[in-house]
Structure formats: C-alpha cells, structure tokens
$ cat work_12.txt   # compact mmCIF, C-alpha atoms
# COMPACT_ATOMS: atom_id res chain seq x y z
CA MET L 1 -49.84 -169.74 -101.04
CA SER L 2 -52.17 -168.05 -103.52
CA GLU L 3 -52.97 -169.42 -106.93
CA ILE L 4 -52.41 -167.23 -109.96
CA THR L 5 -54.97 -167.60 -112.73
CA ILE L 6 -53.57 -167.12 -116.18
CA LYS L 7 -56.15 -165.85 -118.63
CA ARG L 8 -56.12 -168.14 -121.63
CA GLY L 9 -56.43 -166.58 -125.04
CA TYR L 10 -58.01 -168.09 -128.11
CA ALA L 11 -56.06 -169.07 -131.20
CA ILE L 12 -57.70 -168.28 -134.54
CA GLY L 13 -58.74 -171.92 -135.01
CA GLU L 14 -60.50 -171.90 -131.65
CA MET L 15 -62.24 -168.63 -132.53
CA SER L 16 -63.41 -170.25 -135.76
CA ARG L 17 -64.67 -173.38 -133.97
CA GLN L 18 -66.51 -171.44 -131.26
CA THR L 19 -68.19 -168.95 -133.59
CA GLY L 20 -68.57 -170.91 -136.82
CA VAL L 21 -66.74 -168.16 -138.72
CA ASN L 22 -64.21 -169.31 -141.32
CA ILE L 23 -60.57 -168.53 -140.47
CA GLU L 24 -60.09 -166.52 -143.69
CA THR L 25 -63.21 -164.52 -142.86
CA ILE L 26 -61.81 -163.74 -139.41
CA ARG L 27 -58.61 -162.46 -141.02
CA TYR L 28 -60.70 -160.41 -143.46
CA TYR L 29 -62.68 -158.86 -140.60
CA GLU L 30 -59.38 -157.89 -138.99
CA ARG L 31 -58.10 -156.28 -142.20
CA ILE L 32 -61.24 -154.16 -142.62
CA GLY L 33 -61.42 -153.24 -138.93
CA ILE L 34 -64.65 -155.04 -137.99
CA ILE L 35 -62.72 -156.85 -135.27
CA PRO L 36 -59.48 -155.50 -133.81
CA LYS L 37 -56.14 -157.03 -134.63
CA PRO L 38 -55.36 -159.36 -131.73
CA ASP L 39 -52.22 -159.62 -129.68
CA ARG L 40 -49.65 -162.08 -130.94
CA THR L 41 -47.74 -164.78 -129.14
CA GLU L 42 -43.95 -164.80 -129.21
CA GLY L 43 -44.27 -167.22 -132.12
CA GLY L 44 -46.43 -164.71 -134.02
CA ASN L 45 -49.74 -166.54 -133.61
CA ARG L 46 -52.90 -164.54 -133.08
CA GLN L 47 -54.18 -164.63 -129.52
CA TYR L 48 -57.75 -163.38 -129.08
CA ASN L 49 -59.41 -162.54 -125.79
CA HIS L 50 -62.96 -163.22 -124.63
CA ASP L 51 -64.23 -159.77 -125.68
CA GLU L 52 -62.97 -160.39 -129.22
CA LEU L 53 -64.71 -163.78 -129.20
CA LYS L 54 -67.97 -162.08 -128.18
CA ARG L 55 -67.48 -159.40 -130.86
CA LEU L 56 -66.93 -162.03 -133.56
CA SER L 57 -70.06 -163.89 -132.41
CA PHE L 58 -71.97 -160.60 -132.66
CA VAL L 59 -70.70 -160.08 -136.22
CA ARG L 60 -71.63 -163.65 -137.22
CA ARG L 61 -75.14 -163.24 -135.82
CA CYS L 62 -75.57 -159.92 -137.63
CA ARG L 63 -74.44 -161.52 -140.91
CA GLU L 64 -76.95 -164.36 -140.37
CA LEU L 65 -79.65 -161.69 -140.10
CA GLY L 66 -78.50 -160.12 -143.36
CA PHE L 67 -76.90 -156.95 -142.02
CA SER L 68 -74.28 -155.49 -144.34
CA LEU L 69 -70.73 -154.95 -143.14
CA ASN L 70 -71.40 -151.19 -143.05
CA GLU L 71 -74.49 -151.75 -140.90
CA ILE L 72 -72.51 -154.05 -138.60
CA ARG L 73 -69.75 -151.45 -138.35
CA ALA L 74 -72.36 -148.84 -137.35
CA LEU L 75 -73.91 -151.16 -134.74
CA LEU L 76 -70.48 -151.91 -133.29
CA GLU L 77 -69.63 -148.21 -133.18
CA MET L 78 -72.84 -147.61 -131.25
CA ALA L 79 -72.10 -150.43 -128.83
CA ASP L 80 -68.53 -149.18 -128.34
CA ARG L 81 -69.74 -145.63 -127.55
CA ASP L 82 -71.42 -146.50 -124.26
CA ASP L 83 -73.91 -143.66 -124.83
CA PHE L 84 -75.93 -145.15 -127.65
CA THR L 85 -79.67 -145.34 -127.29
CA CYS L 86 -81.96 -148.24 -127.91
CA ASN L 87 -83.85 -145.93 -130.27
CA GLU L 88 -80.77 -145.64 -132.53
CA VAL L 89 -80.47 -149.41 -132.73
CA HIS L 90 -84.22 -149.71 -133.28
CA ASP L 91 -84.16 -147.24 -136.17
CA MET L 92 -81.29 -149.05 -137.88
CA THR L 93 -82.96 -152.43 -137.40
CA ALA L 94 -86.32 -151.11 -138.66
CA SER L 95 -84.59 -149.77 -141.77
CA HIS L 96 -82.93 -153.15 -142.29
CA LEU L 97 -86.32 -154.85 -141.93
CA ILE L 98 -87.75 -152.64 -144.69
CA ASN L 99 -84.87 -153.69 -146.96
CA VAL L 100 -85.41 -157.37 -146.11
CA LYS L 101 -89.11 -157.06 -147.00
CA LYS L 102 -88.18 -155.48 -150.35
CA LYS L 103 -85.78 -158.33 -151.06
CA LEU L 104 -88.47 -160.88 -150.17
CA ASN L 105 -90.89 -159.22 -152.59
CA ASP L 106 -88.19 -159.26 -155.29
CA LEU L 107 -87.57 -162.95 -154.62
CA LYS L 108 -91.29 -163.74 -154.84
CA ARG L 109 -91.45 -161.92 -158.18
CA LEU L 110 -88.38 -163.84 -159.33
CA GLU L 111 -89.98 -167.10 -158.27
CA ARG L 112 -93.11 -166.34 -160.34
CA VAL L 113 -91.03 -165.55 -163.43
CA LEU L 114 -88.93 -168.70 -163.07
CA LYS L 115 -92.01 -170.86 -162.48
CA GLY L 116 -93.52 -169.46 -165.68
CA MET L 117 -90.34 -170.18 -167.62
CA VAL L 118 -90.16 -173.74 -166.29
CA ALA L 119 -93.86 -174.31 -167.05
CA GLU L 120 -93.32 -173.27 -170.69
CA CYS L 121 -90.52 -175.75 -171.18
CA SER L 122 -91.46 -179.02 -172.86
CA LYS L 123 -88.16 -180.62 -171.88
CA GLY L 124 -87.89 -181.96 -175.39
CA ASP L 125 -84.86 -183.06 -177.34
CA VAL L 126 -85.15 -180.28 -179.91
CA PRO L 127 -82.91 -177.21 -179.85
CA ASP L 128 -85.98 -174.99 -179.43
CA CYS L 129 -86.05 -173.92 -175.78
CA PRO L 130 -88.55 -171.40 -174.39
CA ILE L 131 -86.33 -170.72 -171.38
CA ILE L 132 -83.41 -169.65 -173.58
CA ASP L 133 -85.80 -167.68 -175.79
CA THR L 134 -87.20 -165.87 -172.73
CA LEU L 135 -83.74 -165.02 -171.47
CA PHE L 136 -82.85 -163.48 -174.87
CA GLU L 137 -86.00 -161.33 -175.00
CA LEU L 138 -85.48 -157.58 -175.01
CA LYS L 139 -87.56 -155.85 -172.39

$ encode --input "work_12.txt" --output "structure tokens"
Amino acid sequence: MSEITIKRGYAIGEMSRQTGVNIETIRYYERIGIIPKPDRTEGGNRQYNHDELKRLSFVRRCRELGFSLNEIRALLEMADRDDFTCNEVHDMTASHLINVKKKLNDLKRLERVLKGMVAECSKGDVPDCPIIDTLFELK
C-alpha cells in the first residue's frame, strides 16, 4: 500500500507569519501583480504554494534593501524569463546603489540642517522660536 502525500498550501495568515509581510500588503501585491493571485479553497480562502511563499520572501527582502516596486517587478520579470544574465541584475543593482548613495548624502545634509536649527533654539518660554523662523524663511 503506497502513501499519497498531499501538498499543503499556505493560508494568507501563514504566508504573513513566515515572511513578515502584513496581510494587507500581501493582498496589495496580488492586486498590482507583484505576486500571482493564488488558488482558492472551496470556502474561498487563498491557498498559496511554496513558490509563491519564496516569491513573497524575495519581494520582502528587496523592499528591505530599498528597491522600488517597479525595480522589484523588473527583477522578478528577469528571474521568470530563465534567460536573464547576471550582468542585467548587476546593472540594476548598481544603479540602485547609486540612488541609495544619493539618498544617504541627502540625509546627511538634512541632518546638518536640523542640527543647526536645534542648536539655535534656546528652548525658552517665549513665543520667539528660531526653528519656526527658519522654516518660514524664503530660499
């Protein structure tokens, strides 16, 4: 007598627990086509497979690294093609790195401005506030 193995699917809550992606975000990714719409049980519940779990983990990791949804879509399209090259992925990642460095420089500049504003503040009880004054300045 042979045993039949039934492949267990993942409900949306299980997908959320395993990947750390919010349930509403998973539904959003389905709506915009980042992850495919899963099969449904007879009761209408979503039933994801292991490949969809891996895909959602990939998306979460990309988001953690700051990739935009369009960049993630492009990476997934490459991975789905089977004929993508490492060079294509490298070029996209290098471009993303350049953007991250620009954002870091912008944040450092922002930090300097905010530090200056905070340093000018006397924290007094008078309505005169250098921070508010700075924010109202025309540049």

$ residues_around --input "work_12.txt" --residues "Asn49 of chain L" --least-positions-apart "2" --cutoff "9 Å" --atoms "only C-alpha atoms" --output "list in words"
Lys7, Arg8, Gly9, Tyr10, Pro38, Asp39, Gln47, Asp51, Glu52, Leu53 and Lys54 of chain L

$ write_last_selection --input "work_12.txt" --atoms "C-alpha atoms" --output "PDB file, in the frame of the given file"
ATOM      1  CA  LYS L   7     -56.150-165.850-118.630  1.00  0.00           C
ATOM      2  CA  ARG L   8     -56.120-168.140-121.630  1.00  0.00           C
ATOM      3  CA  GLY L   9     -56.430-166.580-125.040  1.00  0.00           C
ATOM      4  CA  TYR L  10     -58.010-168.090-128.110  1.00  0.00           C
ATOM      5  CA  PRO L  38     -55.360-159.360-131.730  1.00  0.00           C
ATOM      6  CA  ASP L  39     -52.220-159.620-129.680  1.00  0.00           C
ATOM      7  CA  GLN L  47     -54.180-164.630-129.520  1.00  0.00           C
ATOM      8  CA  ASP L  51     -64.230-159.770-125.680  1.00  0.00           C
ATOM      9  CA  GLU L  52     -62.970-160.390-129.220  1.00  0.00           C
ATOM     10  CA  LEU L  53     -64.710-163.780-129.200  1.00  0.00           C
ATOM     11  CA  LYS L  54     -67.970-162.080-128.180  1.00  0.00           C
TER      12      LYS L  54
END

$ atom_distance --input "work_12.txt" --atom1 "atom CA of Val100 of chain L" --atom2 "atom CA of Gly66 of chain L"
7.9 Å

$ atom_distance --input "work_12.txt" --atom1 "atom CA of Lys37 of chain L" --atom2 "atom CA of Asp80 of chain L"
16.0 Å

$ atom_distance --input "work_12.txt" --atom1 "atom CA of Asp91 of chain L" --atom2 "atom CA of Leu65 of chain L"
15.6 Å

$ residues_around --input "work_12.txt" --residues "Phe58 of chain L" --least-positions-apart "6" --cutoff "10 Å" --atoms "all atoms listed in the file" --output "JSON, numbers by chain"
{"L": [19, 52, 64, 72, 75, 76]}

$ closest_residue --input "work_12.txt" --among "L:Pro36, L:Gly116, L:Pro130, L:Gly124" --to "Arg73 of chain L" --atoms "only C-alpha atoms"
L:Pro36

$ build_atoms --input "work_12.txt" --residues "segment 68-104 of chain L" --atoms "N, CA and C atoms" --output "short mmCIF file (atom, residue, chain, number, x, y, z; two decimals), in the coordinates of the input"
data_model
loop_
_atom_site.label_atom_id
_atom_site.label_comp_id
_atom_site.auth_asym_id
_atom_site.auth_seq_id
_atom_site.Cartn_x
_atom_site.Cartn_y
_atom_site.Cartn_z
N SER L 68 -75.48 -155.72 -143.55
CA SER L 68 -74.28 -155.49 -144.34
C SER L 68 -73.11 -155.20 -143.41
N LEU L 69 -71.90 -155.26 -143.95
CA LEU L 69 -70.73 -154.95 -143.14
C LEU L 69 -70.77 -153.50 -142.65
N ASN L 70 -71.27 -152.59 -143.48
CA ASN L 70 -71.40 -151.19 -143.05
C ASN L 70 -72.40 -151.05 -141.90
N GLU L 71 -73.51 -151.78 -141.99
CA GLU L 71 -74.49 -151.75 -140.90
C GLU L 71 -73.89 -152.34 -139.62
N ILE L 72 -73.14 -153.42 -139.77
CA ILE L 72 -72.51 -154.05 -138.60
C ILE L 72 -71.50 -153.08 -137.98
N ARG L 73 -70.73 -152.43 -138.83
CA ARG L 73 -69.75 -151.45 -138.35
C ARG L 73 -70.46 -150.36 -137.54
N ALA L 74 -71.60 -149.88 -138.05
CA ALA L 74 -72.36 -148.84 -137.35
C ALA L 74 -72.90 -149.36 -136.01
N LEU L 75 -73.41 -150.58 -136.00
CA LEU L 75 -73.91 -151.16 -134.74
C LEU L 75 -72.77 -151.31 -133.73
N LEU L 76 -71.62 -151.76 -134.19
CA LEU L 76 -70.48 -151.91 -133.29
C LEU L 76 -70.01 -150.56 -132.76
N GLU L 77 -70.01 -149.55 -133.63
CA GLU L 77 -69.63 -148.21 -133.18
C GLU L 77 -70.58 -147.71 -132.10
N MET L 78 -71.87 -147.99 -132.28
CA MET L 78 -72.84 -147.61 -131.25
C MET L 78 -72.55 -148.33 -129.94
N ALA L 79 -72.35 -149.64 -130.03
CA ALA L 79 -72.10 -150.43 -128.83
C ALA L 79 -70.80 -150.00 -128.13
N ASP L 80 -69.82 -149.61 -128.91
CA ASP L 80 -68.53 -149.18 -128.34
C ASP L 80 -68.61 -147.80 -127.68
N ARG L 81 -69.61 -147.01 -128.06
CA ARG L 81 -69.74 -145.63 -127.55
C ARG L 81 -70.15 -145.54 -126.10
N ASP L 82 -70.88 -146.50 -125.63
CA ASP L 82 -71.42 -146.50 -124.26
C ASP L 82 -72.56 -145.51 -124.05
N ASP L 83 -72.81 -144.61 -125.00
CA ASP L 83 -73.91 -143.66 -124.83
C ASP L 83 -74.95 -143.80 -125.93
N PHE L 84 -74.93 -144.94 -126.61
CA PHE L 84 -75.93 -145.15 -127.65
C PHE L 84 -77.30 -145.34 -127.01
N THR L 85 -78.32 -145.13 -127.81
CA THR L 85 -79.67 -145.34 -127.29
C THR L 85 -80.31 -146.52 -128.01
N CYS L 86 -81.22 -147.13 -127.33
CA CYS L 86 -81.96 -148.24 -127.91
C CYS L 86 -82.71 -147.75 -129.15
N ASN L 87 -83.14 -146.50 -129.13
CA ASN L 87 -83.85 -145.93 -130.27
C ASN L 87 -82.98 -145.92 -131.53
N GLU L 88 -81.68 -145.63 -131.38
CA GLU L 88 -80.77 -145.64 -132.53
C GLU L 88 -80.68 -147.04 -133.13
N VAL L 89 -80.55 -148.03 -132.27
CA VAL L 89 -80.47 -149.41 -132.73
C VAL L 89 -81.80 -149.82 -133.36
N HIS L 90 -82.89 -149.41 -132.75
CA HIS L 90 -84.22 -149.71 -133.28
C HIS L 90 -84.38 -149.15 -134.69
N ASP L 91 -84.00 -147.88 -134.87
CA ASP L 91 -84.16 -147.24 -136.17
C ASP L 91 -83.34 -147.96 -137.25
N MET L 92 -82.12 -148.34 -136.90
CA MET L 92 -81.29 -149.05 -137.88
C MET L 92 -81.89 -150.41 -138.21
N THR L 93 -82.37 -151.11 -137.20
CA THR L 93 -82.96 -152.43 -137.40
C THR L 93 -84.27 -152.33 -138.19
N ALA L 94 -85.07 -151.32 -137.92
CA ALA L 94 -86.32 -151.11 -138.66
C ALA L 94 -86.02 -150.83 -140.13
N SER L 95 -85.00 -150.05 -140.40
CA SER L 95 -84.59 -149.77 -141.77
C SER L 95 -84.13 -151.05 -142.46
N HIS L 96 -83.39 -151.86 -141.74
CA HIS L 96 -82.93 -153.15 -142.29
C HIS L 96 -84.13 -154.05 -142.60
N LEU L 97 -85.11 -154.05 -141.72
CA LEU L 97 -86.32 -154.85 -141.93
C LEU L 97 -87.03 -154.43 -143.21
N ILE L 98 -87.12 -153.13 -143.46
CA ILE L 98 -87.75 -152.64 -144.69
C ILE L 98 -87.01 -153.18 -145.90
N ASN L 99 -85.68 -153.16 -145.86
CA ASN L 99 -84.87 -153.69 -146.96
C ASN L 99 -85.07 -155.19 -147.14
N VAL L 100 -85.18 -155.92 -146.04
CA VAL L 100 -85.41 -157.37 -146.11
C VAL L 100 -86.76 -157.64 -146.77
N LYS L 101 -87.79 -156.88 -146.40
CA LYS L 101 -89.11 -157.06 -147.00
C LYS L 101 -89.08 -156.79 -148.50
N LYS L 102 -88.32 -155.77 -148.92
CA LYS L 102 -88.18 -155.48 -150.35
C LYS L 102 -87.52 -156.64 -151.07
N LYS L 103 -86.49 -157.19 -150.46
CA LYS L 103 -85.78 -158.33 -151.06
C LYS L 103 -86.71 -159.54 -151.16
N LEU L 104 -87.52 -159.76 -150.13
CA LEU L 104 -88.47 -160.88 -150.17
C LEU L 104 -89.47 -160.70 -151.31
#
